[in-house]
file coords02.txt (compact mmCIF, C-alpha atoms)
# COMPACT_ATOMS: atom_id res chain seq x y z
CA MET A 1 119.22 39.07 -13.64
CA GLU A 2 119.29 42.70 -12.57
CA LYS A 3 121.99 43.62 -15.07
CA ILE A 4 119.73 42.68 -18.03
CA LYS A 5 117.48 45.47 -19.33
CA SER A 6 115.28 44.46 -22.26
CA LEU A 7 112.92 46.55 -24.37
CA ILE A 8 110.77 43.45 -24.92
CA ASP A 9 109.68 40.66 -22.59
CA LEU A 10 112.40 38.01 -22.40
CA THR A 11 109.78 35.32 -23.06
CA GLU A 12 109.38 36.74 -26.60
CA ILE A 13 113.02 36.01 -27.45
CA GLU A 14 114.04 32.86 -29.33
CA PRO A 15 115.73 30.25 -27.07
CA GLU A 16 119.16 30.41 -28.76
CA ALA A 17 119.35 34.20 -28.40
CA LEU A 18 118.06 34.01 -24.82
CA LYS A 19 120.83 31.55 -23.94
CA GLN A 20 123.40 33.97 -25.38
CA ILE A 21 121.90 36.77 -23.27
CA TYR A 22 122.12 34.79 -20.03
CA ASP A 23 125.60 33.48 -20.84
CA VAL A 24 126.92 37.01 -21.41
CA ALA A 25 125.10 38.48 -18.40
CA SER A 26 126.61 35.79 -16.13
CA LEU A 27 130.13 37.11 -16.77
CA ASP A 28 131.54 39.15 -13.88
CA ILE A 29 133.21 41.67 -16.22
CA VAL A 30 129.88 42.47 -17.91
CA LYS A 31 128.37 45.32 -15.89
CA LYS A 32 125.13 45.75 -17.84
CA LEU A 33 123.36 44.26 -20.85
CA ALA A 34 120.65 46.07 -22.83
CA ILE A 35 118.51 44.11 -25.28
CA MET A 36 116.86 45.74 -28.29
CA PRO A 37 113.47 44.61 -29.72
CA ASP A 38 115.05 43.33 -32.97
CA VAL A 39 117.12 40.81 -30.98
CA HIS A 40 118.03 37.48 -32.58
CA THR A 41 120.78 34.89 -32.39
CA GLY A 42 124.26 36.04 -33.36
CA TYR A 43 127.83 34.99 -32.68
CA ASP A 44 128.68 35.14 -28.94
CA LEU A 45 126.78 38.35 -28.11
CA CYS A 46 123.29 38.27 -29.63
CA ILE A 47 122.42 40.66 -32.44
CA GLY A 48 120.50 43.50 -30.85
CA GLY A 49 122.68 43.31 -27.74
CA VAL A 50 124.52 46.17 -26.01
CA ALA A 51 127.09 45.15 -23.40
CA LEU A 52 128.96 47.39 -20.96
CA VAL A 53 132.21 45.60 -20.09
CA GLU A 54 134.73 46.54 -17.43
CA ASP A 55 138.38 46.98 -18.51
CA TYR A 56 138.15 44.63 -21.52
CA ILE A 57 137.30 44.93 -25.20
CA SER A 58 135.75 41.99 -27.05
CA PRO A 59 136.19 41.46 -30.82
CA SER A 60 133.34 38.91 -30.79
CA PHE A 61 131.00 41.37 -29.04
CA VAL A 62 131.59 43.82 -31.91
CA GLY A 63 131.27 41.13 -34.56
CA TYR A 64 132.64 40.47 -38.01
CA ASP A 65 131.28 43.40 -40.05
CA ILE A 66 132.94 46.15 -38.03
CA GLY A 67 131.32 49.54 -38.68
CA CYS A 68 128.32 48.19 -40.55
CA GLY A 69 125.74 50.95 -40.43
CA MET A 70 123.51 53.47 -42.12
CA CYS A 71 123.96 56.72 -44.01
CA PHE A 72 120.89 58.81 -44.78
CA VAL A 73 120.31 62.04 -46.68
CA ASN A 74 117.09 64.03 -47.10
CA THR A 75 117.70 65.94 -50.35
CA GLU A 76 114.79 68.30 -49.56
CA ILE A 77 113.83 68.08 -53.25
CA ASP A 78 110.33 66.85 -54.11
CA ALA A 79 110.64 63.20 -55.11
CA ASP A 80 108.16 63.69 -57.95
CA GLU A 81 110.42 66.34 -59.52
CA ILE A 82 113.26 63.84 -60.02
CA LEU A 83 111.40 60.53 -60.30
CA ARG A 84 108.31 61.41 -62.30
CA SER A 85 107.48 57.90 -63.52
CA LYS A 86 108.28 54.24 -62.99
CA LYS A 87 110.51 54.43 -66.07
CA ASP A 88 112.57 57.13 -64.32
CA ARG A 89 112.93 54.90 -61.27
CA GLU A 90 113.92 51.89 -63.36
CA LYS A 91 116.54 53.98 -65.19
CA VAL A 92 118.05 55.21 -61.89
CA ALA A 93 118.12 51.63 -60.54
CA GLN A 94 119.92 50.44 -63.68
CA GLU A 95 122.50 53.22 -63.37
CA ILE A 96 123.14 52.38 -59.71
CA TYR A 97 123.67 48.72 -60.55
CA ARG A 98 125.99 49.83 -63.38
CA ASP A 99 128.12 52.15 -61.23
CA ILE A 100 128.09 50.47 -57.79
CA PRO A 101 129.29 46.87 -57.42
CA VAL A 102 126.87 44.82 -55.32
CA GLY A 103 126.91 41.36 -53.76
CA LYS A 104 130.36 39.77 -53.95
CA ASN A 105 131.40 42.05 -56.81
CA ILE A 106 134.27 44.50 -56.34
CA ARG A 107 135.76 47.26 -58.48
CA LYS A 108 137.80 46.64 -61.59
CA GLU A 109 139.95 49.69 -60.82
CA PRO A 110 141.12 50.66 -57.30
CA LEU A 111 140.07 53.84 -55.50
CA ASP A 112 142.47 55.92 -53.40
CA TYR A 113 142.50 55.28 -49.66
CA VAL A 114 145.08 55.23 -46.90
CA PRO A 115 146.77 51.79 -46.70
CA PHE A 116 146.09 49.65 -43.64
CA ARG A 117 148.91 49.40 -41.12
CA SER A 118 147.89 47.08 -38.33
CA ALA A 119 148.68 48.22 -34.79
CA SER A 120 149.42 44.55 -34.11
CA GLY A 121 152.35 44.67 -36.53
CA ASP A 122 151.12 41.49 -38.22
CA LYS A 123 152.20 41.65 -41.88
CA ASN A 124 149.89 38.82 -42.99
CA LEU A 125 146.86 40.72 -41.66
CA GLU A 126 148.04 43.89 -43.40
CA LYS A 127 148.43 42.06 -46.71
CA LYS A 128 145.04 40.36 -46.40
CA VAL A 129 143.30 43.70 -45.75
CA ASN A 130 145.22 45.75 -48.32
CA ASP A 131 144.64 43.14 -51.05
CA LYS A 132 140.91 44.03 -50.94
CA LEU A 133 140.90 47.52 -49.42
CA PHE A 134 141.10 49.63 -52.58
CA LEU A 135 138.88 47.51 -54.81
CA SER A 136 136.12 47.13 -52.19
CA LEU A 137 135.67 50.84 -51.46
CA GLY A 138 132.28 52.11 -52.63
CA THR A 139 130.72 48.65 -52.94
CA LEU A 140 127.47 47.53 -51.33
CA GLY A 141 127.92 43.90 -50.31
CA SER A 142 125.17 41.32 -49.94
CA GLY A 143 122.75 39.95 -47.33
CA ASN A 144 120.67 42.68 -45.71
CA HIS A 145 122.79 45.51 -47.12
CA PHE A 146 120.82 47.85 -49.36
CA ILE A 147 120.52 51.18 -51.13
CA GLU A 148 117.05 52.68 -50.93
CA ILE A 149 115.64 55.80 -52.55
CA GLY A 150 112.30 56.86 -51.13
CA LYS A 151 109.80 59.56 -50.35
CA ASN A 152 109.32 60.93 -46.83
CA LEU A 153 106.13 62.21 -45.19
CA GLU A 154 106.63 65.61 -46.86
CA GLY A 155 107.20 64.06 -50.28
CA LYS A 156 110.95 64.79 -50.28
CA LEU A 157 113.47 62.47 -51.92
CA CYS A 158 115.60 60.60 -49.38
CA ILE A 159 118.49 58.16 -49.78
CA THR A 160 119.42 55.43 -47.31
CA ILE A 161 122.49 53.19 -47.52
CA HIS A 162 123.09 50.18 -45.30
CA SER A 163 126.57 48.74 -45.71
CA GLY A 164 129.72 47.99 -43.75
CA SER A 165 133.47 47.55 -43.98
CA ARG A 166 133.12 44.77 -46.55
CA ASN A 167 135.77 42.06 -46.07
CA ILE A 168 138.11 44.50 -44.30
CA GLY A 169 136.29 44.34 -40.97
CA HIS A 170 135.87 40.58 -41.29
CA SER A 171 139.62 40.06 -41.71
CA ILE A 172 140.43 42.27 -38.72
CA ALA A 173 137.75 40.62 -36.56
CA SER A 174 138.89 37.09 -37.47
CA PHE A 175 142.51 37.90 -36.59
CA TYR A 176 141.72 39.31 -33.15
CA MET A 177 139.06 36.74 -32.23
CA LYS A 178 141.87 34.17 -32.33
CA LYS A 179 143.69 36.25 -29.69
CA GLY A 180 140.90 35.85 -27.15
CA ARG A 181 137.27 36.49 -26.32
CA PHE A 182 138.22 39.46 -24.11
CA LEU A 183 141.34 41.57 -24.59
CA PRO A 184 142.50 43.69 -21.62
CA LEU A 185 142.47 47.36 -22.56
CA ASP A 186 145.81 47.99 -20.86
CA THR A 187 147.66 45.41 -23.01
CA ASP A 188 149.29 45.85 -26.39
CA ILE A 189 146.85 43.44 -28.06
CA GLY A 190 143.81 45.22 -26.57
CA LYS A 191 145.10 48.60 -27.72
CA ALA A 192 145.92 47.17 -31.16
CA TYR A 193 142.40 45.81 -31.64
CA LEU A 194 140.89 49.16 -30.64
CA GLU A 195 143.07 50.97 -33.19
CA ASP A 196 142.42 48.49 -36.01
CA MET A 197 138.69 48.44 -35.21
CA ASN A 198 138.61 52.25 -35.50
CA PHE A 199 140.31 51.97 -38.91
CA ALA A 200 137.49 49.65 -40.04
CA LEU A 201 134.87 52.07 -38.65
CA GLU A 202 136.31 54.93 -40.71
CA TYR A 203 136.58 52.73 -43.79
CA ALA A 204 132.94 51.64 -43.47
CA LEU A 205 131.84 55.28 -43.32
CA GLU A 206 133.96 56.19 -46.36
CA ASN A 207 132.50 53.19 -48.16
CA ARG A 208 128.95 54.51 -47.61
CA LEU A 209 129.93 58.09 -48.47
CA THR A 210 131.53 56.97 -51.75
CA MET A 211 128.28 55.27 -52.75
CA MET A 212 126.16 58.22 -51.56
CA LYS A 213 128.11 60.67 -53.73
CA ARG A 214 127.68 58.43 -56.77
CA ILE A 215 123.93 58.04 -56.20
CA LEU A 216 123.42 61.80 -55.79
CA LYS A 217 125.37 62.31 -59.02
CA ILE A 218 123.11 59.82 -60.83
CA LEU A 219 120.08 61.74 -59.52
CA GLY A 220 121.43 64.93 -61.10
CA PHE A 221 123.00 66.80 -58.17
CA THR A 222 126.11 68.91 -58.79
CA ASP A 223 129.38 68.47 -56.88
CA LYS A 224 128.66 71.67 -54.95
CA GLU A 225 125.15 70.50 -54.02
CA ILE A 226 126.47 67.09 -53.00
CA LYS A 227 129.13 68.62 -50.74
CA LYS A 228 126.52 70.83 -49.07
CA LEU A 229 124.12 67.91 -48.52
CA LEU A 230 126.79 65.69 -47.01
CA ASN A 231 128.08 68.48 -44.76
CA LYS A 232 124.68 69.57 -43.46
CA LYS A 233 122.11 66.81 -44.03
CA LEU A 234 123.94 63.52 -43.55
CA ILE A 235 122.89 61.14 -40.79
CA ASN A 236 125.53 58.48 -40.12
CA GLU A 237 125.54 55.78 -37.49
CA ASN A 238 127.07 52.36 -37.29
CA HIS A 239 125.79 49.41 -35.30
CA ASN A 240 128.82 47.15 -34.78
CA HIS A 241 131.40 48.88 -32.59
CA ALA A 242 132.97 49.37 -29.18
CA VAL A 243 133.22 52.77 -27.50
CA LEU A 244 135.32 53.75 -24.47
CA THR A 245 133.21 55.45 -21.79
CA GLU A 246 133.75 56.47 -18.16
CA GLU A 247 131.68 53.46 -17.06
CA GLY A 248 133.52 50.91 -19.21
CA VAL A 249 133.72 49.66 -22.80
CA LEU A 250 130.32 49.87 -24.48
CA HIS A 251 129.87 47.20 -27.16
CA ARG A 252 126.99 47.43 -29.62
CA LYS A 253 126.25 44.54 -31.96
CA GLY A 254 123.30 45.19 -34.23
CA ALA A 255 122.31 48.18 -32.12
CA THR A 256 122.57 51.91 -32.80
CA PRO A 257 123.55 54.86 -30.60
CA ALA A 258 120.55 56.83 -29.30
CA GLU A 259 122.17 59.58 -27.28
CA LYS A 260 119.94 62.53 -26.41
CA GLY A 261 119.23 64.53 -29.56
CA GLN A 262 121.12 62.14 -31.84
CA TYR A 263 119.48 61.38 -35.18
CA GLY A 264 119.23 57.76 -36.23
CA ILE A 265 117.78 55.43 -38.85
CA ILE A 266 115.82 52.23 -38.23
CA PRO A 267 115.08 50.29 -41.45
CA ALA A 268 112.10 47.95 -41.70
CA ASN A 269 112.36 45.76 -44.81
CA MET A 270 112.25 46.02 -48.62
CA ARG A 271 108.58 47.06 -48.58
CA ASP A 272 108.13 49.23 -45.51
CA GLY A 273 111.05 51.66 -45.71
CA VAL A 274 112.94 53.39 -42.92
CA TYR A 275 112.15 55.36 -39.77
CA VAL A 276 114.08 58.51 -38.88
CA THR A 277 114.48 58.88 -35.12
CA VAL A 278 115.91 61.18 -32.46
CA GLY A 279 117.58 59.56 -29.46
CA LEU A 280 116.29 60.21 -25.94
CA GLY A 281 119.55 59.30 -24.16
CA ASN A 282 117.95 56.64 -21.95
CA LYS A 283 120.87 55.38 -19.84
CA GLU A 284 118.82 52.45 -18.52
CA PHE A 285 119.11 50.98 -22.03
CA LEU A 286 122.68 52.25 -22.51
CA SER A 287 121.49 55.06 -24.83
CA SER A 288 120.86 52.59 -27.63
CA ALA A 289 118.13 51.62 -30.10
CA SER A 290 117.47 48.82 -32.58
CA HIS A 291 119.32 48.70 -35.90
CA GLY A 292 116.31 47.39 -37.78
CA ALA A 293 113.27 45.17 -37.49
CA GLY A 294 115.23 41.99 -36.82
CA ARG A 295 114.87 38.67 -38.56
CA VAL A 296 112.06 36.30 -37.68
CA LEU A 297 113.18 33.70 -40.25
CA SER A 298 116.75 32.58 -40.88
CA ARG A 299 117.94 32.94 -44.47
CA ARG A 300 117.69 29.20 -44.98
CA LYS A 301 114.19 29.03 -43.49
CA ALA A 302 113.04 32.04 -45.52
CA LYS A 303 114.11 30.32 -48.74
CA GLU A 304 112.20 27.20 -47.70
CA VAL A 305 108.87 28.73 -46.64
CA ILE A 306 108.39 32.08 -48.43
CA ASP A 307 106.36 31.95 -51.61
CA LEU A 308 107.97 33.90 -54.46
CA LYS A 309 104.58 34.79 -55.99
CA GLU A 310 103.48 36.35 -52.69
CA PHE A 311 106.78 38.24 -52.43
CA LYS A 312 106.30 39.61 -55.96
CA LYS A 313 102.69 40.51 -55.23
CA VAL A 314 103.39 42.63 -52.14
CA MET A 315 106.27 44.47 -53.84
CA GLU A 316 104.13 45.19 -56.93
CA MET A 317 101.29 46.44 -54.74
CA ALA A 318 103.74 48.78 -53.02
CA ASP A 319 104.97 49.90 -56.50
CA ILE A 320 108.65 49.53 -55.59
CA VAL A 321 111.34 49.05 -58.24
CA ALA A 322 113.43 46.17 -56.86
CA LYS A 323 115.00 42.83 -57.73
CA VAL A 324 112.38 40.34 -56.59
CA SER A 325 113.56 36.80 -57.27
CA GLU A 326 114.76 33.56 -55.71
CA LYS A 327 118.07 35.33 -55.07
CA THR A 328 116.47 37.99 -52.84
CA ILE A 329 113.67 35.91 -51.30
CA ASP A 330 115.54 35.69 -47.98
CA GLU A 331 115.15 39.48 -47.77
CA ALA A 332 111.37 39.45 -48.35
CA PRO A 333 109.30 41.47 -45.85
CA PHE A 334 107.96 38.23 -44.33
CA ALA A 335 111.49 37.29 -43.17
CA TYR A 336 111.44 40.19 -40.70
CA LYS A 337 109.60 41.08 -37.50
CA ASP A 338 106.67 43.50 -37.60
CA ILE A 339 108.37 46.91 -37.69
CA ASN A 340 105.37 48.54 -36.02
CA LYS A 341 105.87 46.42 -32.90
CA VAL A 342 109.62 47.01 -32.94
CA ILE A 343 109.13 50.78 -33.16
CA GLN A 344 106.35 50.74 -30.56
CA ALA A 345 108.69 49.08 -28.05
CA GLN A 346 111.13 52.00 -28.42
CA GLU A 347 108.93 55.06 -29.08
CA GLY A 348 109.09 57.44 -26.13
CA VAL A 349 111.52 55.14 -24.30
CA VAL A 350 114.81 55.28 -26.22
CA VAL A 351 113.83 57.23 -29.37
CA LYS A 352 111.23 59.52 -30.87
CA VAL A 353 110.20 58.88 -34.50
CA VAL A 354 110.36 62.13 -36.51
CA ASP A 355 109.93 60.89 -40.09
CA VAL A 356 109.10 57.82 -42.18
CA VAL A 357 110.44 57.16 -45.69
CA LYS A 358 108.60 54.79 -48.02
CA PRO A 359 110.69 53.07 -50.76
CA LEU A 360 110.53 53.97 -54.43
CA ILE A 361 113.69 52.05 -55.40
CA ASN A 362 115.40 49.24 -53.48
CA ILE A 363 118.84 47.96 -54.47
CA LYS A 364 120.06 44.63 -53.09
CA GLY A 365 123.18 42.57 -53.64
call {"tool": "encode", "arguments": {"input": "coords02.txt", "output": "structure tokens"}}
result
Amino acid sequence: MEKIKSLIDLTEIEPEALKQIYDVASLDIVKKLAIMPDVHTGYDLCIGGVALVEDYISPSFVGYDIGCGMCFVNTEIDADEILRSKKDREKVAQEIYRDIPVGKNIRKEPLDYVPFRSASGDKNLEKKVNDKLFLSLGTLGSGNHFIEIGKNLEGKLCITIHSGSRNIGHSIASFYMKKGRFLPLDTDIGKAYLEDMNFALEYALENRLTMMKRILKILGFTDKEIKKLLNKKLINENHNHAVLTEEGVLHRKGATPAEKGQYGIIPANMRDGVYVTVGLGNKEFLSSASHGAGRVLSRRKAKEVIDLKEFKKVMEMADIVAKVSEKTIDEAPFAYKDINKVIQAQEGVVVKVVDVVKPLINIKG
């Protein structure tokens, strides 16, 4: 189909994801569909899919973890000045696990945040969101969410956080998905979803910022230094959202904005770190890039076929402080596509790579 633009050959895509691509592209209201090289099967719209839709917004095209994304800071301090030894790295990792709830854990004491008032007026949705809103702020979550402290090509200490809106976005998404696959933008329900989605986007950003501030504090930065870093050095982008444009509603699911000159982050896996990019604004691919390497093994399959000894071996060889166990085996490097091929498919087309950060510490839920 002419409306499909893929950064990789469609024959390389798994059958289930390919079916999702063709199903979505066959819809008259879908004007264009861009496919990223980390594409894999998702719910409705494939992960790594970017869909331009006319006059409608789709909760299922955005997905459940609304606003899931990346925050990145280059501290511009030599990594070896702060993390001189493996003991230093292990101590920092312990302090992060102590101060930031991970996995399904939430806070014991609530943090301040504006209460959720749904544009739909639904009181049950409001209660469901607000019951978890204040205790989930500044928490990492599980799955592929991570905190990573690493060293860039110049030896500077960099921090990357991948996390989303926690259960908040999931509750909002679930509510509106029951209202329909596509919600007309000119209706009350379409406008309500857009407003509630934007609330989740802001919450997801605040969630990452709350964690970033705590990590910088653990690393010894002052409040003044932290404020300066976040004002001037922060890269933030989310990869589950819908944006209103002149051409229509642009939905990204597991895909990041790559507008001309826009900085972005593409993570590889627990071993291979993250790539810092600058967008080239390629409209043919809806000014988008991949949100990572993309899974090559499902979580269930990874647990079945990946050897724990091999996982431990590659992480030890890379000298990364991380939790390497049966509980994190589904996040082993072998569960993901080759990041070099994923980057190669995008370099000079949708992004330009400007830095690479190798992990020193990796925190998983």
call {"tool": "residues_around", "arguments": {"input": "coords02.txt", "residues": "A:Leu137", "least_positions_apart": "2", "cutoff": "12 Å", "atoms": "all atoms listed in the file", "output": "PyMOL selection string"}}
result
chain A and resi 100-102+105-114+129-135+139-141+163-168+200+202-211
call {"tool": "residues_around", "arguments": {"input": "coords02.txt", "residues": "stretch 77-82 of chain A", "least_positions_apart": "5", "cutoff": "6 Å", "atoms": "only C-alpha atoms", "output": "ChimeraX atom specification"}}
result
/A:155-157
call {"tool": "closest_residue", "arguments": {"input": "coords02.txt", "among": "A:Val24, A:Ile57, A:Ile306, A:Ala293", "to": "A:Phe182", "atoms": "all atoms listed in the file"}}
result
A:Ile57
call {"tool": "atom_distance", "arguments": {"input": "coords02.txt", "atom1": "atom CA of A:Val356", "atom2": "atom CA of A:Glu331"}}
result
20.1 Å
call {"tool": "closest_residue", "arguments": {"input": "coords02.txt", "among": "A:Ala268, A:Tyr56, A:His241, A:Val354", "to": "A:Arg181", "atoms": "all atoms listed in the file"}}
result
A:Tyr56
call {"tool": "closest_residue", "arguments": {"input": "coords02.txt", "among": "A:Met70, A:Val274, A:Val305, A:Val296", "to": "A:Lys151", "atoms": "only C-alpha atoms"}}
result
A:Val274
call {"tool": "closest_residue", "arguments": {"input": "coords02.txt", "among": "A:Leu183, A:Ile215, A:Met270, A:Cys46", "to": "A:Ile159", "atoms": "all atoms listed in the file"}}
result
A:Ile215
call {"tool": "closest_residue", "arguments": {"input": "coords02.txt", "among": "A:Lys232, A:Lys260, A:Arg299, A:Lys309", "to": "A:Asn282", "atoms": "all atoms listed in the file"}}
result
A:Lys260
call {"tool": "residues_around", "arguments": {"input": "coords02.txt", "residues": "A:Lys313", "least_positions_apart": "3", "cutoff": "12 Å", "atoms": "all atoms listed in the file", "output": "ChimeraX atom specification"}}
result
/A:271,307-310,316-320,324-325,332-333
call {"tool": "write_last_selection", "arguments": {"input": "coords02.txt", "atoms": "C-alpha atoms", "output": "PDB file, keeping the file's coordinate frame"}}
result
ATOM      1  CA  ARG A 271     108.580  47.060 -48.580  1.00  0.00           C
ATOM      2  CA  ASP A 307     106.360  31.950 -51.610  1.00  0.00           C
ATOM      3  CA  LEU A 308     107.970  33.900 -54.460  1.00  0.00           C
ATOM      4  CA  LYS A 309     104.580  34.790 -55.990  1.00  0.00           C
ATOM      5  CA  GLU A 310     103.480  36.350 -52.690  1.00  0.00           C
ATOM      6  CA  GLU A 316     104.130  45.190 -56.930  1.00  0.00           C
ATOM      7  CA  MET A 317     101.290  46.440 -54.740  1.00  0.00           C
ATOM      8  CA  ALA A 318     103.740  48.780 -53.020  1.00  0.00           C
ATOM      9  CA  ASP A 319     104.970  49.900 -56.500  1.00  0.00           C
ATOM     10  CA  ILE A 320     108.650  49.530 -55.590  1.00  0.00           C
ATOM     11  CA  VAL A 324     112.380  40.340 -56.590  1.00  0.00           C
ATOM     12  CA  SER A 325     113.560  36.800 -57.270  1.00  0.00           C
ATOM     13  CA  ALA A 332     111.370  39.450 -48.350  1.00  0.00           C
ATOM     14  CA  PRO A 333     109.300  41.470 -45.850  1.00  0.00           C
TER      15      PRO A 333
END
call {"tool": "closest_residue", "arguments": {"input": "coords02.txt", "among": "A:Ala255, A:Val249, A:Ile218, A:Val349", "to": "A:Glu95", "atoms": "all atoms listed in the file"}}
result
A:Ile218
call {"tool": "atom_distance", "arguments": {"input": "coords02.txt", "atom1": "atom CA of A:Lys341", "atom2": "atom CA of A:Pro37"}}
result
8.4 Å
call {"tool": "residues_around", "arguments": {"input": "coords02.txt", "residues": "A:Phe61", "least_positions_apart": "4", "cutoff": "12 Å", "atoms": "only C-alpha atoms", "output": "PyMOL selection string"}}
result
chain A and resi 20-21+24+30+33+42-53+56-57+65-66+173+176-177+180-183+239-243+249-255
call {"tool": "write_last_selection", "arguments": {"input": "coords02.txt", "atoms": "C-alpha atoms", "output": "mmCIF file, in the coordinates of the input"}}
result
data_model
loop_
_atom_site.group_PDB
_atom_site.id
_atom_site.type_symbol
_atom_site.label_atom_id
_atom_site.label_comp_id
_atom_site.auth_asym_id
_atom_site.auth_seq_id
_atom_site.Cartn_x
_atom_site.Cartn_y
_atom_site.Cartn_z
ATOM 1 C CA GLN A 20 123.400 33.970 -25.380
ATOM 2 C CA ILE A 21 121.900 36.770 -23.270
ATOM 3 C CA VAL A 24 126.920 37.010 -21.410
ATOM 4 C CA VAL A 30 129.880 42.470 -17.910
ATOM 5 C CA LEU A 33 123.360 44.260 -20.850
ATOM 6 C CA GLY A 42 124.260 36.040 -33.360
ATOM 7 C CA TYR A 43 127.830 34.990 -32.680
ATOM 8 C CA ASP A 44 128.680 35.140 -28.940
ATOM 9 C CA LEU A 45 126.780 38.350 -28.110
ATOM 10 C CA CYS A 46 123.290 38.270 -29.630
ATOM 11 C CA ILE A 47 122.420 40.660 -32.440
ATOM 12 C CA GLY A 48 120.500 43.500 -30.850
ATOM 13 C CA GLY A 49 122.680 43.310 -27.740
ATOM 14 C CA VAL A 50 124.520 46.170 -26.010
ATOM 15 C CA ALA A 51 127.090 45.150 -23.400
ATOM 16 C CA LEU A 52 128.960 47.390 -20.960
ATOM 17 C CA VAL A 53 132.210 45.600 -20.090
ATOM 18 C CA TYR A 56 138.150 44.630 -21.520
ATOM 19 C CA ILE A 57 137.300 44.930 -25.200
ATOM 20 C CA ASP A 65 131.280 43.400 -40.050
ATOM 21 C CA ILE A 66 132.940 46.150 -38.030
ATOM 22 C CA ALA A 173 137.750 40.620 -36.560
ATOM 23 C CA TYR A 176 141.720 39.310 -33.150
ATOM 24 C CA MET A 177 139.060 36.740 -32.230
ATOM 25 C CA GLY A 180 140.900 35.850 -27.150
ATOM 26 C CA ARG A 181 137.270 36.490 -26.320
ATOM 27 C CA PHE A 182 138.220 39.460 -24.110
ATOM 28 C CA LEU A 183 141.340 41.570 -24.590
ATOM 29 C CA HIS A 239 125.790 49.410 -35.300
ATOM 30 C CA ASN A 240 128.820 47.150 -34.780
ATOM 31 C CA HIS A 241 131.400 48.880 -32.590
ATOM 32 C CA ALA A 242 132.970 49.370 -29.180
ATOM 33 C CA VAL A 243 133.220 52.770 -27.500
ATOM 34 C CA VAL A 249 133.720 49.660 -22.800
ATOM 35 C CA LEU A 250 130.320 49.870 -24.480
ATOM 36 C CA HIS A 251 129.870 47.200 -27.160
ATOM 37 C CA ARG A 252 126.990 47.430 -29.620
ATOM 38 C CA LYS A 253 126.250 44.540 -31.960
ATOM 39 C CA GLY A 254 123.300 45.190 -34.230
ATOM 40 C CA ALA A 255 122.310 48.180 -32.120
#
call {"tool": "atom_distance", "arguments": {"input": "coords02.txt", "atom1": "atom CA of A:Arg300", "atom2": "atom CA of A:His145"}}
result
17.2 Å
call {"tool": "residues_near_point", "arguments": {"input": "coords02.txt", "point": "(120.0, 59.8, -41.0)", "cutoff": "12 Å", "atoms": "all atoms listed in the file", "output": "ChimeraX atom specification"}}
result
/A:69-75,158-162,229-230,232-238,256,262-267,274-279,353-357
call {"tool": "write_last_selection", "arguments": {"input": "coords02.txt", "atoms": "C-alpha atoms", "output": "PDB file, in the frame of the given file"}}
result
ATOM      1  CA  GLY A  69     125.740  50.950 -40.430  1.00  0.00           C
ATOM      2  CA  MET A  70     123.510  53.470 -42.120  1.00  0.00           C
ATOM      3  CA  CYS A  71     123.960  56.720 -44.010  1.00  0.00           C
ATOM      4  CA  PHE A  72     120.890  58.810 -44.780  1.00  0.00           C
ATOM      5  CA  VAL A  73     120.310  62.040 -46.680  1.00  0.00           C
ATOM      6  CA  ASN A  74     117.090  64.030 -47.100  1.00  0.00           C
ATOM      7  CA  THR A  75     117.700  65.940 -50.350  1.00  0.00           C
ATOM      8  CA  CYS A 158     115.600  60.600 -49.380  1.00  0.00           C
ATOM      9  CA  ILE A 159     118.490  58.160 -49.780  1.00  0.00           C
ATOM     10  CA  THR A 160     119.420  55.430 -47.310  1.00  0.00           C
ATOM     11  CA  ILE A 161     122.490  53.190 -47.520  1.00  0.00           C
ATOM     12  CA  HIS A 162     123.090  50.180 -45.300  1.00  0.00           C
ATOM     13  CA  LEU A 229     124.120  67.910 -48.520  1.00  0.00           C
ATOM     14  CA  LEU A 230     126.790  65.690 -47.010  1.00  0.00           C
ATOM     15  CA  LYS A 232     124.680  69.570 -43.460  1.00  0.00           C
ATOM     16  CA  LYS A 233     122.110  66.810 -44.030  1.00  0.00           C
ATOM     17  CA  LEU A 234     123.940  63.520 -43.550  1.00  0.00           C
ATOM     18  CA  ILE A 235     122.890  61.140 -40.790  1.00  0.00           C
ATOM     19  CA  ASN A 236     125.530  58.480 -40.120  1.00  0.00           C
ATOM     20  CA  GLU A 237     125.540  55.780 -37.490  1.00  0.00           C
ATOM     21  CA  ASN A 238     127.070  52.360 -37.290  1.00  0.00           C
ATOM     22  CA  THR A 256     122.570  51.910 -32.800  1.00  0.00           C
ATOM     23  CA  GLN A 262     121.120  62.140 -31.840  1.00  0.00           C
ATOM     24  CA  TYR A 263     119.480  61.380 -35.180  1.00  0.00           C
ATOM     25  CA  GLY A 264     119.230  57.760 -36.230  1.00  0.00           C
ATOM     26  CA  ILE A 265     117.780  55.430 -38.850  1.00  0.00           C
ATOM     27  CA  ILE A 266     115.820  52.230 -38.230  1.00  0.00           C
ATOM     28  CA  PRO A 267     115.080  50.290 -41.450  1.00  0.00           C
ATOM     29  CA  VAL A 274     112.940  53.390 -42.920  1.00  0.00           C
ATOM     30  CA  TYR A 275     112.150  55.360 -39.770  1.00  0.00           C
ATOM     31  CA  VAL A 276     114.080  58.510 -38.880  1.00  0.00           C
ATOM     32  CA  THR A 277     114.480  58.880 -35.120  1.00  0.00           C
ATOM     33  CA  VAL A 278     115.910  61.180 -32.460  1.00  0.00           C
ATOM     34  CA  GLY A 279     117.580  59.560 -29.460  1.00  0.00           C
ATOM     35  CA  VAL A 353     110.200  58.880 -34.500  1.00  0.00           C
ATOM     36  CA  VAL A 354     110.360  62.130 -36.510  1.00  0.00           C
ATOM     37  CA  ASP A 355     109.930  60.890 -40.090  1.00  0.00           C
ATOM     38  CA  VAL A 356     109.100  57.820 -42.180  1.00  0.00           C
ATOM     39  CA  VAL A 357     110.440  57.160 -45.690  1.00  0.00           C
TER      40      VAL A 357
END
